[in-house]
>>> print(open('structure.cif').read())   # mmCIF, N, CA and C atoms
data_start
#
loop_
_atom_site.label_atom_id
_atom_site.label_comp_id
_atom_site.auth_asym_id
_atom_site.auth_seq_id
_atom_site.Cartn_x
_atom_site.Cartn_y
_atom_site.Cartn_z
N MET A 258 -2.41 -23.08 -7.59
CA MET A 258 -2.03 -21.80 -8.17
C MET A 258 -1.22 -22.08 -9.43
N GLY A 259 -1.65 -21.54 -10.56
CA GLY A 259 -0.96 -21.76 -11.82
C GLY A 259 0.33 -20.97 -11.90
N LYS A 260 1.09 -21.28 -12.94
CA LYS A 260 2.38 -20.61 -13.15
C LYS A 260 2.21 -19.10 -13.31
N ASP A 261 1.18 -18.71 -14.07
CA ASP A 261 0.93 -17.29 -14.30
C ASP A 261 0.56 -16.57 -13.01
N SER A 262 -0.33 -17.16 -12.22
CA SER A 262 -0.75 -16.49 -10.99
C SER A 262 0.39 -16.44 -9.98
N ALA A 263 1.26 -17.43 -9.98
CA ALA A 263 2.43 -17.40 -9.09
C ALA A 263 3.37 -16.26 -9.50
N ARG A 264 3.51 -16.04 -10.80
CA ARG A 264 4.35 -14.95 -11.29
C ARG A 264 3.75 -13.59 -10.92
N VAL A 265 2.45 -13.47 -11.10
CA VAL A 265 1.77 -12.22 -10.73
C VAL A 265 1.97 -11.95 -9.25
N GLU A 266 1.84 -12.97 -8.42
CA GLU A 266 2.02 -12.82 -6.97
C GLU A 266 3.46 -12.41 -6.63
N ARG A 267 4.43 -13.02 -7.28
CA ARG A 267 5.85 -12.65 -7.04
C ARG A 267 6.09 -11.19 -7.42
N ILE A 268 5.53 -10.77 -8.54
CA ILE A 268 5.69 -9.38 -8.99
C ILE A 268 5.01 -8.44 -7.99
N ALA A 269 3.82 -8.81 -7.52
CA ALA A 269 3.11 -7.98 -6.54
C ALA A 269 3.94 -7.82 -5.27
N GLN A 270 4.54 -8.92 -4.80
CA GLN A 270 5.38 -8.85 -3.60
C GLN A 270 6.61 -7.98 -3.83
N GLN A 271 7.21 -8.08 -5.01
CA GLN A 271 8.39 -7.27 -5.32
C GLN A 271 8.01 -5.79 -5.39
N ILE A 272 6.87 -5.50 -5.99
CA ILE A 272 6.40 -4.12 -6.07
C ILE A 272 6.19 -3.57 -4.66
N GLN A 273 5.59 -4.37 -3.78
CA GLN A 273 5.35 -3.91 -2.41
C GLN A 273 6.68 -3.61 -1.70
N ARG A 274 7.65 -4.50 -1.84
CA ARG A 274 8.97 -4.28 -1.20
C ARG A 274 9.64 -3.03 -1.76
N ASP A 275 9.65 -2.91 -3.09
CA ASP A 275 10.31 -1.76 -3.71
C ASP A 275 9.61 -0.45 -3.36
N LEU A 276 8.28 -0.46 -3.39
CA LEU A 276 7.55 0.77 -3.05
C LEU A 276 7.80 1.18 -1.60
N ALA A 277 7.81 0.21 -0.70
CA ALA A 277 8.07 0.53 0.71
C ALA A 277 9.43 1.20 0.85
N GLU A 278 10.42 0.65 0.16
CA GLU A 278 11.76 1.24 0.23
C GLU A 278 11.78 2.63 -0.41
N LEU A 279 11.15 2.78 -1.56
CA LEU A 279 11.11 4.09 -2.22
C LEU A 279 10.40 5.14 -1.37
N LEU A 280 9.29 4.75 -0.74
CA LEU A 280 8.58 5.70 0.11
C LEU A 280 9.44 6.12 1.29
N ARG A 281 10.21 5.20 1.81
CA ARG A 281 11.06 5.47 2.97
C ARG A 281 12.28 6.31 2.60
N THR A 282 12.87 6.06 1.42
CA THR A 282 14.17 6.66 1.12
C THR A 282 14.16 7.73 0.05
N GLU A 283 13.18 7.72 -0.86
CA GLU A 283 13.24 8.62 -2.02
C GLU A 283 12.17 9.70 -2.04
N VAL A 284 11.02 9.42 -1.49
CA VAL A 284 9.92 10.39 -1.56
C VAL A 284 10.05 11.36 -0.39
N ARG A 285 10.13 12.63 -0.71
CA ARG A 285 10.38 13.65 0.30
C ARG A 285 9.12 14.32 0.84
N ASP A 286 7.96 13.87 0.40
CA ASP A 286 6.71 14.46 0.84
C ASP A 286 6.43 14.06 2.29
N PRO A 287 6.41 15.01 3.22
CA PRO A 287 6.22 14.67 4.63
C PRO A 287 4.84 14.06 4.92
N ARG A 288 3.89 14.27 4.03
CA ARG A 288 2.55 13.72 4.26
C ARG A 288 2.54 12.20 4.26
N ILE A 289 3.48 11.60 3.54
CA ILE A 289 3.42 10.14 3.42
C ILE A 289 4.53 9.43 4.19
N GLY A 290 5.04 10.11 5.20
CA GLY A 290 6.11 9.52 6.00
C GLY A 290 5.69 8.33 6.84
N MET A 291 4.43 8.28 7.24
CA MET A 291 3.99 7.22 8.15
C MET A 291 3.09 6.18 7.48
N VAL A 292 3.22 6.03 6.19
CA VAL A 292 2.41 5.09 5.44
C VAL A 292 2.98 3.68 5.59
N THR A 293 2.10 2.72 5.79
CA THR A 293 2.48 1.31 5.80
C THR A 293 1.73 0.62 4.67
N LEU A 294 2.46 -0.03 3.78
CA LEU A 294 1.84 -0.77 2.69
C LEU A 294 1.39 -2.13 3.21
N THR A 295 0.14 -2.48 2.96
CA THR A 295 -0.40 -3.74 3.48
C THR A 295 -0.57 -4.80 2.42
N GLY A 296 -0.49 -4.41 1.15
CA GLY A 296 -0.62 -5.41 0.09
C GLY A 296 -0.65 -4.76 -1.28
N VAL A 297 -0.40 -5.58 -2.28
CA VAL A 297 -0.46 -5.13 -3.67
C VAL A 297 -1.15 -6.23 -4.48
N GLU A 298 -2.10 -5.82 -5.30
CA GLU A 298 -2.75 -6.75 -6.23
C GLU A 298 -2.45 -6.27 -7.64
N VAL A 299 -1.87 -7.14 -8.45
CA VAL A 299 -1.51 -6.81 -9.83
C VAL A 299 -2.49 -7.50 -10.77
N SER A 300 -2.96 -6.77 -11.77
CA SER A 300 -3.86 -7.37 -12.75
C SER A 300 -3.09 -8.40 -13.58
N ARG A 301 -3.82 -9.35 -14.15
CA ARG A 301 -3.19 -10.44 -14.91
C ARG A 301 -2.35 -9.93 -16.08
N ASP A 302 -2.76 -8.80 -16.67
CA ASP A 302 -2.00 -8.27 -17.80
C ASP A 302 -0.92 -7.27 -17.37
N TYR A 303 -0.73 -7.15 -16.06
CA TYR A 303 0.32 -6.29 -15.47
C TYR A 303 0.12 -4.80 -15.74
N SER A 304 -1.08 -4.40 -16.18
CA SER A 304 -1.27 -2.99 -16.52
C SER A 304 -1.64 -2.13 -15.32
N HIS A 305 -2.19 -2.76 -14.27
CA HIS A 305 -2.62 -2.01 -13.09
C HIS A 305 -2.22 -2.73 -11.82
N ALA A 306 -1.93 -1.94 -10.80
CA ALA A 306 -1.64 -2.50 -9.48
C ALA A 306 -2.38 -1.69 -8.44
N LYS A 307 -3.19 -2.36 -7.63
CA LYS A 307 -3.81 -1.72 -6.48
C LYS A 307 -2.83 -1.85 -5.33
N VAL A 308 -2.47 -0.72 -4.76
CA VAL A 308 -1.53 -0.70 -3.65
C VAL A 308 -2.32 -0.30 -2.40
N TYR A 309 -2.46 -1.23 -1.47
CA TYR A 309 -3.22 -0.98 -0.25
C TYR A 309 -2.27 -0.45 0.82
N TYR A 310 -2.75 0.56 1.52
CA TYR A 310 -1.92 1.16 2.57
C TYR A 310 -2.78 1.50 3.78
N THR A 311 -2.11 1.68 4.89
CA THR A 311 -2.77 2.14 6.09
C THR A 311 -1.88 3.18 6.75
N VAL A 312 -2.49 3.93 7.63
CA VAL A 312 -1.77 4.98 8.34
C VAL A 312 -2.56 5.32 9.59
N LEU A 313 -1.86 5.63 10.65
CA LEU A 313 -2.54 6.09 11.85
C LEU A 313 -2.77 7.58 11.70
N GLY A 314 -3.97 8.02 12.00
CA GLY A 314 -4.25 9.44 11.89
C GLY A 314 -5.73 9.69 11.68
N THR A 315 -6.04 10.94 11.52
CA THR A 315 -7.43 11.35 11.36
C THR A 315 -7.86 11.21 9.90
N GLU A 316 -9.13 11.41 9.69
CA GLU A 316 -9.68 11.37 8.32
C GLU A 316 -8.99 12.44 7.46
N LYS A 317 -8.74 13.61 8.05
CA LYS A 317 -8.07 14.70 7.32
C LYS A 317 -6.65 14.26 6.93
N ASP A 318 -5.94 13.62 7.87
CA ASP A 318 -4.60 13.11 7.57
C ASP A 318 -4.65 12.13 6.41
N ARG A 319 -5.63 11.24 6.44
CA ARG A 319 -5.75 10.23 5.37
C ARG A 319 -5.97 10.90 4.02
N GLY A 320 -6.76 11.96 3.99
CA GLY A 320 -7.00 12.68 2.74
C GLY A 320 -5.72 13.30 2.21
N GLU A 321 -4.93 13.89 3.09
CA GLU A 321 -3.66 14.50 2.67
C GLU A 321 -2.68 13.44 2.21
N ILE A 322 -2.67 12.32 2.88
CA ILE A 322 -1.77 11.23 2.51
C ILE A 322 -2.17 10.66 1.15
N ALA A 323 -3.48 10.49 0.92
CA ALA A 323 -3.95 9.99 -0.37
C ALA A 323 -3.50 10.94 -1.48
N GLU A 324 -3.60 12.23 -1.23
CA GLU A 324 -3.17 13.23 -2.22
C GLU A 324 -1.66 13.12 -2.45
N GLY A 325 -0.89 12.97 -1.37
CA GLY A 325 0.57 12.83 -1.50
C GLY A 325 0.96 11.60 -2.29
N LEU A 326 0.28 10.48 -2.04
CA LEU A 326 0.58 9.24 -2.77
C LEU A 326 0.23 9.40 -4.25
N GLN A 327 -0.89 10.03 -4.51
CA GLN A 327 -1.29 10.24 -5.91
C GLN A 327 -0.25 11.11 -6.62
N ARG A 328 0.21 12.15 -5.95
CA ARG A 328 1.23 13.03 -6.54
C ARG A 328 2.53 12.28 -6.82
N ALA A 329 2.88 11.37 -5.94
CA ALA A 329 4.14 10.64 -6.07
C ALA A 329 4.05 9.45 -7.02
N SER A 330 2.84 9.10 -7.47
CA SER A 330 2.67 7.86 -8.23
C SER A 330 3.47 7.85 -9.54
N GLY A 331 3.57 8.97 -10.24
CA GLY A 331 4.35 9.01 -11.47
C GLY A 331 5.83 8.75 -11.21
N PHE A 332 6.36 9.40 -10.18
CA PHE A 332 7.75 9.19 -9.78
C PHE A 332 7.98 7.73 -9.37
N LEU A 333 7.07 7.20 -8.55
CA LEU A 333 7.20 5.82 -8.09
C LEU A 333 7.13 4.84 -9.27
N HIS A 334 6.24 5.10 -10.21
CA HIS A 334 6.12 4.25 -11.40
C HIS A 334 7.43 4.23 -12.18
N SER A 335 8.03 5.40 -12.39
CA SER A 335 9.28 5.45 -13.16
C SER A 335 10.41 4.75 -12.41
N GLN A 336 10.43 4.88 -11.09
CA GLN A 336 11.46 4.18 -10.30
C GLN A 336 11.28 2.66 -10.37
N LEU A 337 10.03 2.21 -10.32
CA LEU A 337 9.76 0.77 -10.44
C LEU A 337 10.17 0.26 -11.82
N PHE A 338 9.98 1.08 -12.85
CA PHE A 338 10.36 0.68 -14.20
C PHE A 338 11.85 0.32 -14.24
N HIS A 339 12.69 1.11 -13.59
CA HIS A 339 14.13 0.85 -13.58
C HIS A 339 14.49 -0.35 -12.70
N ARG A 340 13.76 -0.55 -11.63
CA ARG A 340 14.08 -1.62 -10.69
C ARG A 340 13.58 -2.99 -11.12
N LEU A 341 12.39 -3.04 -11.69
CA LEU A 341 11.74 -4.33 -11.95
C LEU A 341 12.19 -5.03 -13.22
N LYS A 342 12.71 -4.30 -14.17
CA LYS A 342 13.17 -4.90 -15.42
C LYS A 342 12.04 -5.66 -16.13
N LEU A 343 10.86 -5.06 -16.12
CA LEU A 343 9.72 -5.63 -16.83
C LEU A 343 9.41 -4.77 -18.04
N ARG A 344 8.81 -5.39 -19.05
CA ARG A 344 8.40 -4.60 -20.22
C ARG A 344 7.26 -3.66 -19.85
N VAL A 345 6.35 -4.15 -19.02
CA VAL A 345 5.22 -3.34 -18.60
C VAL A 345 5.24 -3.23 -17.08
N VAL A 346 5.27 -2.00 -16.59
CA VAL A 346 5.17 -1.77 -15.15
C VAL A 346 3.77 -1.22 -14.90
N PRO A 347 3.04 -1.83 -13.98
CA PRO A 347 1.64 -1.44 -13.77
C PRO A 347 1.48 0.01 -13.32
N GLN A 348 0.36 0.61 -13.76
CA GLN A 348 -0.03 1.91 -13.23
C GLN A 348 -0.42 1.68 -11.77
N LEU A 349 -0.04 2.58 -10.90
CA LEU A 349 -0.28 2.41 -9.47
C LEU A 349 -1.57 3.11 -9.06
N HIS A 350 -2.40 2.38 -8.32
CA HIS A 350 -3.64 2.93 -7.77
C HIS A 350 -3.61 2.68 -6.27
N PHE A 351 -3.51 3.75 -5.49
CA PHE A 351 -3.42 3.62 -4.04
C PHE A 351 -4.81 3.60 -3.43
N GLU A 352 -5.03 2.62 -2.53
CA GLU A 352 -6.32 2.49 -1.86
C GLU A 352 -6.08 2.32 -0.37
N TYR A 353 -6.82 3.11 0.42
CA TYR A 353 -6.70 3.02 1.86
C TYR A 353 -7.24 1.68 2.33
N ASP A 354 -6.51 1.00 3.18
CA ASP A 354 -6.89 -0.31 3.71
C ASP A 354 -7.43 -0.10 5.13
N ALA A 355 -8.74 -0.16 5.26
CA ALA A 355 -9.37 0.08 6.56
C ALA A 355 -9.38 -1.17 7.44
N SER A 356 -8.89 -2.30 6.94
CA SER A 356 -8.97 -3.54 7.72
C SER A 356 -8.16 -3.47 9.01
N VAL A 357 -7.02 -2.79 8.99
CA VAL A 357 -6.20 -2.67 10.19
C VAL A 357 -6.96 -1.86 11.24
N GLU A 358 -7.57 -0.78 10.79
CA GLU A 358 -8.37 0.07 11.68
C GLU A 358 -9.55 -0.71 12.26
N ARG A 359 -10.24 -1.47 11.40
CA ARG A 359 -11.36 -2.29 11.86
C ARG A 359 -10.90 -3.33 12.87
N GLY A 360 -9.74 -3.93 12.61
CA GLY A 360 -9.20 -4.93 13.53
C GLY A 360 -8.89 -4.34 14.89
N ALA A 361 -8.31 -3.15 14.91
CA ALA A 361 -8.00 -2.48 16.18
C ALA A 361 -9.29 -2.16 16.93
N TYR A 362 -10.31 -1.71 16.20
CA TYR A 362 -11.59 -1.38 16.81
C TYR A 362 -12.22 -2.64 17.42
N LEU A 363 -12.24 -3.73 16.66
CA LEU A 363 -12.81 -4.99 17.16
C LEU A 363 -12.04 -5.50 18.36
N SER A 364 -10.73 -5.36 18.32
CA SER A 364 -9.90 -5.78 19.44
C SER A 364 -10.25 -4.99 20.71
N ARG A 365 -10.46 -3.67 20.54
CA ARG A 365 -10.86 -2.84 21.68
C ARG A 365 -12.21 -3.29 22.24
N LEU A 366 -13.16 -3.59 21.34
CA LEU A 366 -14.47 -4.05 21.77
C LEU A 366 -14.36 -5.35 22.56
N ILE A 367 -13.56 -6.26 22.07
CA ILE A 367 -13.36 -7.54 22.76
C ILE A 367 -12.72 -7.32 24.12
N ASP A 368 -11.68 -6.48 24.15
CA ASP A 368 -11.02 -6.18 25.43
C ASP A 368 -12.01 -5.59 26.44
N GLU A 369 -12.87 -4.68 25.96
CA GLU A 369 -13.86 -4.06 26.85
C GLU A 369 -14.87 -5.09 27.34
N ALA A 370 -15.30 -5.99 26.46
CA ALA A 370 -16.28 -7.00 26.84
C ALA A 370 -15.69 -7.99 27.84
N VAL A 371 -14.45 -8.41 27.59
CA VAL A 371 -13.80 -9.38 28.47
C VAL A 371 -13.41 -8.73 29.79
N GLY A 372 -12.93 -7.50 29.71
CA GLY A 372 -12.47 -6.81 30.92
C GLY A 372 -13.56 -6.06 31.64
N GLY A 373 -14.76 -6.16 31.16
CA GLY A 373 -15.86 -5.46 31.83
C GLY A 373 -15.86 -3.96 31.57
N GLY A 374 -15.12 -3.53 30.53
CA GLY A 374 -15.13 -2.12 30.17
C GLY A 374 -14.24 -1.25 31.04
N SER A 375 -13.36 -1.87 31.81
CA SER A 375 -12.52 -1.05 32.70
C SER A 375 -11.28 -0.55 32.02
#
>>> encode(input="structure.cif", output="structure tokens")
Amino acid sequence: MGKDSARVERIAQQIQRDLAELLRTEVRDPRIGMVTLTGVEVSRDYSHAKVYYTVLGTEKDRGEIAEGLQRASGFLHSQLFHRLKLRVVPQLHFEYDASVERGAYLSRLIDEAVGGGS
């Protein structure tokens, strides 16, 4: 891993920590109260960040949460600008991370196969 990619990774981790704290303490939208951030990928030029999240709930809940995150993105971006002390703070793009859901589903299938479906 080169020096640049290590820096990008450190910034991505800091963004994830700061966003998790901001979502917990600063964002008052009840739709996004149960969001868990699973990862952040920052572009090499620091202009964009994909923020992966998961949440337990229905498809309808996920739609409302996506809308809430999109609404909060400007506020979150400005808060990150003050916290990160970077010249460029990436634009935030929230993406639902279905891997946790898939993992739970596969785990259930394995449990059923091993336990005989009981």
>>> atom_distance(input="structure.cif", atom1="CA of Ser335 in chain A", atom2="CA of Val284 in chain A")
12.6 Å
>>> resolve_selection(input="structure.cif", expression="the PyMOL selection byres ((chain A and resi 346) around 7)", output="count of residues only")
12
>>> resolve_selection(input="structure.cif", expression="the PyMOL selection byres ((chain A and resi 267-276) around 8)", output="PyMOL selection string")
chain A and resi 261-266+277-282+294-299+306+308+333+336-337+340-341
>>> residues_around(input="structure.cif", residues="Phe351 in chain A", least_positions_apart="3", cutoff="7 Å", atoms="only N, CA and C atoms", output="MDAnalysis selection string")
chainID A and resid 306:310 326:327
>>> select_by_dssp(input="structure.cif", residues="chain A", states="strand (DSSP E)", output="PyMOL selection string")
chain A and resi 293-299+305-311+348-353
>>> select_by_dssp(input="structure.cif", residues="chain A", states="helix (DSSP H, G or I)", output="PyMOL selection string")
chain A and resi 260-282+287-289+316-341+356-372
>>> atom_distance(input="structure.cif", atom1="CA of Arg285 in chain A", atom2="CA of Leu313 in chain A")
18.9 Å
>>> atom_distance(input="structure.cif", atom1="CA of Met291 in chain A", atom2="atom N of Gly314 in chain A")
8.9 Å
>>> closest_residue(input="structure.cif", among="A:Glu352, A:Ala329, A:Thr293, A:Glu369", to="Val312 in chain A", atoms="only N, CA and C atoms")
A:Thr293
>>> residues_around(input="structure.cif", residues="range 319-325 of chain A", least_positions_apart="6", cutoff="7 Å", atoms="only C-alpha atoms", output="ChimeraX atom specification")
/A:286,288-289
>>> closest_residue(input="structure.cif", among="A:Lys260, A:His350, A:Leu366, A:Val292", to="Arg328 in chain A", atoms="only C-alpha atoms")
A:His350
>>> closest_residue(input="structure.cif", among="A:Ala370, A:Thr311, A:Glu316, A:Gly331", to="Ser356 in chain A", atoms="only C-alpha atoms")
A:Thr311
>>> axis_aligned_box(input="structure.cif", around="range 351-356 of chain A", padding_each_side="6 Å", output="AutoDock Vina command-line options")
--center_x -6.4 --center_y 0.1 --center_z 1.8 --size_x 18.0 --size_y 19.3 --size_z 26.5
